[in-house]
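Engineer: Take a look at the following structure, please.
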Amino acid sequence: MRPPVLIIGAHRSGTSATAWALEILGLQIGQRLDSHRESKVLQQLHDEYLRRVGATWHTPRPFLERMQTREGRLDCTEYLRSNLNAHFGKTFGYRSNPTGLWLRSRLKFGAPWGWKEPRTTLFAPAWLAIFPDAKIVHVARESLAAAESIRERELRFQAAGDPPTPNLGDLTYCRGLVEVYLRAGEQLANSSNYRRLQFEELQANPPAMLEQLANFCQLRVTTGNLASAAASIRPARVRSTFS
């Protein structure tokens, strides 16, 4: 099985659009995924550990402080590893049906694979302890734009009757949160397996940026699937619903 591709970045930064484009180019990222190309089981795995240490995806500081300690890193890594050993397929969104078993068998023969889940940005040091040769695709978006999108989504949820999420109605807080995720991703930049993708550049020139990204991820690109992947990227003037 080849090392995975980890698509990281703050919420509302273009990670879903990037993941979908990479899927079109041949990256296998699971089967049972939500509309943002994420495994809910993986979300829950991350959220459960964040709760254990008094954090959430939107208040990550207690977790990040714990990850600065050797004990914290080892504990988090063991938590992820033990869950993978027990539930690898389920964690990454594979069903136990014939299609799911076939997709998992492809991994054994070297199919390119990975996942997208914004919390992975926080958990990356632990994931890299498990998959040390993983490739990191860090999707970054201008922090104010991402923050505005987080806030707008939160206000939509509240208008639909959801209880408010602490602080996400505050644009300044949201921008600070985006920048926490940016810094967490940038801490991986010294690795040769790290690639930063500025989402605005992807929107401006999808074919060229996706071809570079496919080469980095070692995907076999055809003219047809490159054109399809490029067409899936919405230009900057259109508000994206992707996270």
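Each chain in the structure tokens gets a letter, A, B and so on, in the order shown; residues start at 1 in every chain, and ligands are counted from 1 in the order they appear.
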Using only C-alpha atoms, which residues sit within 10 Å of region 158-171 of chain A once same-chain residues fewer than 6 positions away are excluded, as number ranges by chain?
Structural biologist: A: 58-59, 144, 147-152, 177
Engineer: Let me make sure I understand: among A:Leu182, A:Ala17, A:Met209, A:Val139, which one has the smallest atom-to-atom distance to Leu226 (chain A) if we use only C-alpha atoms?
Structural biologist: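 For Leu226 (chain A), the nearest of the given residues is A:Met209.
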Engineer: Show me, as a tab-separated table, the residues of region 85-165 of chain A having an atom within 10 Å of region 10-16 of chain A, each with the closest atom pair and its distance in Å, using only C-alpha atoms.
Structural biologist:
residue	atom	partner	partner_atom	distance
A:Lys116	CA	A:Thr15	CA	7.2
A:Glu117	CA	A:Thr15	CA	8.2
A:Pro118	CA	A:Ala10	CA	5.7
A:Arg119	CA	A:Ala10	CA	8.0
A:Thr120	CA	A:Ala10	CA	9.5
A:Thr121	CA	A:Ala10	CA	7.4
A:Leu122	CA	A:Ala10	CA	9.4
A:Val137	CA	A:Thr15	CA	9.2
A:His138	CA	A:Thr15	CA	8.4
A:Val139	CA	A:Thr15	CA	5.9
A:Ala140	CA	A:Ser13	CA	6.0
A:Arg141	CA	A:Ser13	CA	5.0
A:Glu142	CA	A:Ser13	CA	8.0
A:Ser143	CA	A:Ser13	CA	8.4
A:Ala145	CA	A:Ser13	CA	8.2
A:Ala146	CA	A:Arg12	CA	5.3
A:Ala147	CA	A:Arg12	CA	7.7
A:Glu148	CA	A:Arg12	CA	9.0
A:Ser149	CA	A:Arg12	CA	6.1
A:Ile150	CA	A:Arg12	CA	6.2
A:Arg151	CA	A:Arg12	CA	9.9
A:Arg153	CA	A:Arg12	CA	9.1
Engineer: Could the residues in this selection be written to a file with C-alpha atoms, as a PDB file, in the first residue's frame?
Structural biologist:
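This is the output file result_34.pdb:
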ATOM      1  CA  LYS A 116      -9.772  15.066   3.228  1.00  0.00           C
ATOM      2  CA  GLU A 117     -10.954  16.246   6.655  1.00  0.00           C
ATOM      3  CA  PRO A 118     -10.006  19.717   7.959  1.00  0.00           C
ATOM      4  CA  ARG A 119      -9.302  18.471  11.490  1.00  0.00           C
ATOM      5  CA  THR A 120      -6.449  16.450   9.976  1.00  0.00           C
ATOM      6  CA  THR A 121      -4.620  19.785   9.873  1.00  0.00           C
ATOM      7  CA  LEU A 122      -4.478  19.721  13.666  1.00  0.00           C
ATOM      8  CA  VAL A 137      -1.591  18.900   0.220  1.00  0.00           C
ATOM      9  CA  HIS A 138      -2.161  22.058   2.248  1.00  0.00           C
ATOM     10  CA  VAL A 139      -4.991  24.125   0.748  1.00  0.00           C
ATOM     11  CA  ALA A 140      -4.812  27.755   1.876  1.00  0.00           C
ATOM     12  CA  ARG A 141      -7.304  30.520   1.194  1.00  0.00           C
ATOM     13  CA  GLU A 142      -7.059  34.204   2.040  1.00  0.00           C
ATOM     14  CA  SER A 143      -7.880  34.227   5.747  1.00  0.00           C
ATOM     15  CA  ALA A 145     -12.463  35.120   2.853  1.00  0.00           C
ATOM     16  CA  ALA A 146     -12.365  31.816   4.716  1.00  0.00           C
ATOM     17  CA  ALA A 147     -13.412  33.519   7.960  1.00  0.00           C
ATOM     18  CA  GLU A 148     -16.365  35.232   6.277  1.00  0.00           C
ATOM     19  CA  SER A 149     -17.462  31.881   4.883  1.00  0.00           C
ATOM     20  CA  ILE A 150     -17.264  30.200   8.309  1.00  0.00           C
ATOM     21  CA  ARG A 151     -19.316  33.005   9.836  1.00  0.00           C
ATOM     22  CA  ARG A 153     -22.332  29.231   7.344  1.00  0.00           C
TER      23      ARG A 153
END
Engineer: DSSP on the backbone: what in region 96-148 of chain A comes out strand (DSSP E or B), as a PyMOL selection string?
Structural biologist: chain A and resi 113-116+135-140
Engineer: Mind dumping the selected residues with C-alpha atoms as a tab-separated table (two decimals), in the first residue's frame?
Structural biologist:
chain	number	residue	atom	x	y	z
A	113	TRP	CA	-5.39	7.05	-1.94
A	114	GLY	CA	-5.88	9.52	0.85
A	115	TRP	CA	-8.49	11.57	2.63
A	116	LYS	CA	-9.77	15.07	3.23
A	135	LYS	CA	2.09	13.49	1.05
A	136	ILE	CA	0.54	16.67	2.43
A	137	VAL	CA	-1.59	18.90	0.22
A	138	HIS	CA	-2.16	22.06	2.25
A	139	VAL	CA	-4.99	24.13	0.75
A	140	ALA	CA	-4.81	27.75	1.88
Engineer: Work out how far apart CA of Ala21 (chain A) and CA of Ala229 (chain A) are and give it in Å to one decimal.
Structural biologist: 4.7 Å
Engineer: Quick one: residues within 12 Å of Ile130 (chain A), only C-alpha atoms counted, chain neighbours fewer than 4 positions away excluded, as number ranges by chain?
Structural biologist: A: 3-4, 73-74, 76-85, 123-126, 134
Engineer: Among region 113-181 of chain A, which ones does DSSP place in helix (DSSP H, G or I), written as a ChimeraX atom specification?
Structural biologist: /A:120-130,143-159,171-181
Engineer: Dump N, CA and C atoms for the selected residues as a short mmCIF file (atom, residue, chain, number, x, y, z; two decimals), in the first residue's frame?
Structural biologist:
data_model
loop_
_atom_site.label_atom_id
_atom_site.label_comp_id
_atom_site.auth_asym_id
_atom_site.auth_seq_id
_atom_site.Cartn_x
_atom_site.Cartn_y
_atom_site.Cartn_z
N THR A 120 -7.74 17.09 10.23
CA THR A 120 -6.45 16.45 9.98
C THR A 120 -5.32 17.47 10.05
N THR A 121 -5.62 18.72 9.76
CA THR A 121 -4.62 19.78 9.87
C THR A 121 -4.05 19.84 11.28
N LEU A 122 -4.90 19.70 12.27
CA LEU A 122 -4.48 19.72 13.67
C LEU A 122 -3.77 18.42 14.05
N PHE A 123 -4.27 17.31 13.53
CA PHE A 123 -3.79 15.99 13.90
C PHE A 123 -2.62 15.52 13.04
N ALA A 124 -2.15 16.34 12.12
CA ALA A 124 -1.14 15.89 11.15
C ALA A 124 0.10 15.28 11.79
N PRO A 125 0.67 15.84 12.88
CA PRO A 125 1.86 15.20 13.45
C PRO A 125 1.62 13.75 13.87
N ALA A 126 0.44 13.47 14.40
CA ALA A 126 0.12 12.09 14.80
C ALA A 126 -0.08 11.20 13.58
N TRP A 127 -0.78 11.72 12.56
CA TRP A 127 -0.96 10.93 11.35
C TRP A 127 0.38 10.65 10.67
N LEU A 128 1.28 11.60 10.71
CA LEU A 128 2.58 11.39 10.09
C LEU A 128 3.44 10.40 10.87
N ALA A 129 3.17 10.24 12.15
CA ALA A 129 3.85 9.19 12.91
C ALA A 129 3.40 7.81 12.44
N ILE A 130 2.17 7.72 11.95
CA ILE A 130 1.62 6.46 11.45
C ILE A 130 1.98 6.25 9.99
N SER A 143 -7.27 34.51 4.45
CA SER A 143 -7.88 34.23 5.75
C SER A 143 -9.20 34.95 5.96
N LEU A 144 -9.33 36.17 5.46
CA LEU A 144 -10.58 36.89 5.65
C LEU A 144 -11.71 36.23 4.88
N ALA A 145 -11.43 35.78 3.66
CA ALA A 145 -12.46 35.12 2.85
C ALA A 145 -12.93 33.83 3.53
N ALA A 146 -11.99 33.05 4.03
CA ALA A 146 -12.37 31.82 4.72
C ALA A 146 -13.15 32.12 5.98
N ALA A 147 -12.72 33.14 6.73
CA ALA A 147 -13.41 33.52 7.96
C ALA A 147 -14.84 33.98 7.67
N GLU A 148 -15.02 34.78 6.64
CA GLU A 148 -16.37 35.23 6.28
C GLU A 148 -17.25 34.05 5.93
N SER A 149 -16.68 33.06 5.25
CA SER A 149 -17.46 31.88 4.88
C SER A 149 -17.85 31.06 6.11
N ILE A 150 -16.93 30.91 7.06
CA ILE A 150 -17.26 30.20 8.31
C ILE A 150 -18.40 30.92 9.03
N ARG A 151 -18.29 32.23 9.13
CA ARG A 151 -19.32 33.00 9.84
C ARG A 151 -20.66 32.92 9.11
N GLU A 152 -20.65 33.06 7.78
CA GLU A 152 -21.89 32.99 7.02
C GLU A 152 -22.56 31.63 7.18
N ARG A 153 -21.76 30.57 7.16
CA ARG A 153 -22.33 29.23 7.34
C ARG A 153 -22.96 29.10 8.73
N GLU A 154 -22.26 29.60 9.74
CA GLU A 154 -22.79 29.56 11.10
C GLU A 154 -24.12 30.31 11.21
N LEU A 155 -24.20 31.48 10.60
CA LEU A 155 -25.44 32.25 10.66
C LEU A 155 -26.58 31.55 9.92
N ARG A 156 -26.25 30.85 8.83
CA ARG A 156 -27.27 30.06 8.13
C ARG A 156 -27.78 28.94 9.02
N PHE A 157 -26.85 28.26 9.71
CA PHE A 157 -27.25 27.18 10.61
C PHE A 157 -28.17 27.71 11.71
N GLN A 158 -27.81 28.85 12.28
CA GLN A 158 -28.64 29.42 13.34
C GLN A 158 -30.01 29.81 12.81
N ALA A 159 -30.06 30.38 11.61
CA ALA A 159 -31.34 30.77 11.03
C ALA A 159 -32.24 29.56 10.77
N LEU A 171 -16.63 37.58 13.43
CA LEU A 171 -15.72 37.51 12.29
C LEU A 171 -14.27 37.55 12.72
N THR A 172 -13.95 38.35 13.72
CA THR A 172 -12.56 38.42 14.19
C THR A 172 -12.11 37.08 14.74
N TYR A 173 -12.98 36.44 15.50
CA TYR A 173 -12.64 35.12 16.04
C TYR A 173 -12.44 34.12 14.90
N CYS A 174 -13.33 34.15 13.93
CA CYS A 174 -13.23 33.21 12.80
C CYS A 174 -11.92 33.40 12.04
N ARG A 175 -11.51 34.65 11.86
CA ARG A 175 -10.26 34.89 11.16
C ARG A 175 -9.07 34.36 11.97
N GLY A 176 -9.11 34.56 13.26
CA GLY A 176 -8.06 34.01 14.11
C GLY A 176 -8.02 32.49 14.05
N LEU A 177 -9.20 31.87 13.99
CA LEU A 177 -9.28 30.41 13.89
C LEU A 177 -8.66 29.92 12.59
N VAL A 178 -8.99 30.58 11.49
CA VAL A 178 -8.40 30.21 10.19
C VAL A 178 -6.88 30.31 10.27
N GLU A 179 -6.39 31.36 10.90
CA GLU A 179 -4.94 31.55 10.97
C GLU A 179 -4.27 30.50 11.86
N VAL A 180 -4.98 30.00 12.88
CA VAL A 180 -4.46 28.89 13.68
C VAL A 180 -4.26 27.65 12.79
N TYR A 181 -5.25 27.37 11.97
CA TYR A 181 -5.14 26.23 11.05
C TYR A 181 -4.03 26.45 10.03
#
Engineer: Which residues are close to Trp20 (chain A), i.e. within 10 Å by only C-alpha atoms, leaving aside same-chain residues fewer than 2 positions away? Reply as an MDAnalysis selection string.
Structural biologist: chainID A and resid 15:18 22:27 29 36:37 116 229 232:233 242
Engineer: For region 38-54 of chain A, list every protein, DNA or RNA residue within 7 Å, evaluated using only C-alpha atoms, and leave out those in the same chain fewer than 3 positions away; present the list as a ChimeraX atom specification.
Structural biologist: /A:32-34,62-63,90-93,116-117,119
Engineer: Pull C-alpha atoms from the residues just selected and write them as a short mmCIF file (atom, residue, chain, number, x, y, z; two decimals), in the first residue's frame.
Structural biologist:
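Generated output (out.cif):
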data_model
loop_
_atom_site.label_atom_id
_atom_site.label_comp_id
_atom_site.auth_asym_id
_atom_site.auth_seq_id
_atom_site.Cartn_x
_atom_site.Cartn_y
_atom_site.Cartn_z
CA ARG A 32 -19.14 6.50 2.13
CA LEU A 33 -18.53 10.25 2.23
CA ASP A 34 -20.62 13.32 2.96
CA PRO A 62 -5.99 22.90 24.40
CA PHE A 63 -5.32 20.15 21.88
CA LYS A 90 -14.86 2.20 8.21
CA THR A 91 -12.62 5.08 9.32
CA PHE A 92 -11.82 6.10 5.76
CA GLY A 93 -15.32 5.69 4.40
CA LYS A 116 -9.77 15.07 3.23
CA GLU A 117 -10.95 16.25 6.65
CA ARG A 119 -9.30 18.47 11.49
#
Engineer: Nearest residue to Phe216 (chain A) out of A:Leu101, A:Val5, A:Ala86, A:Ala55, using only C-alpha atoms?
Structural biologist: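 Nearest to Phe216 (chain A): A:Val5.
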Engineer: Using only C-alpha atoms, which of A:Ala227, A:Leu197, A:Met1, A:Cys217 sits nearest Gly185 (chain A)?
Structural biologist: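 The answer is A:Leu197, which sits nearest to Gly185 (chain A).
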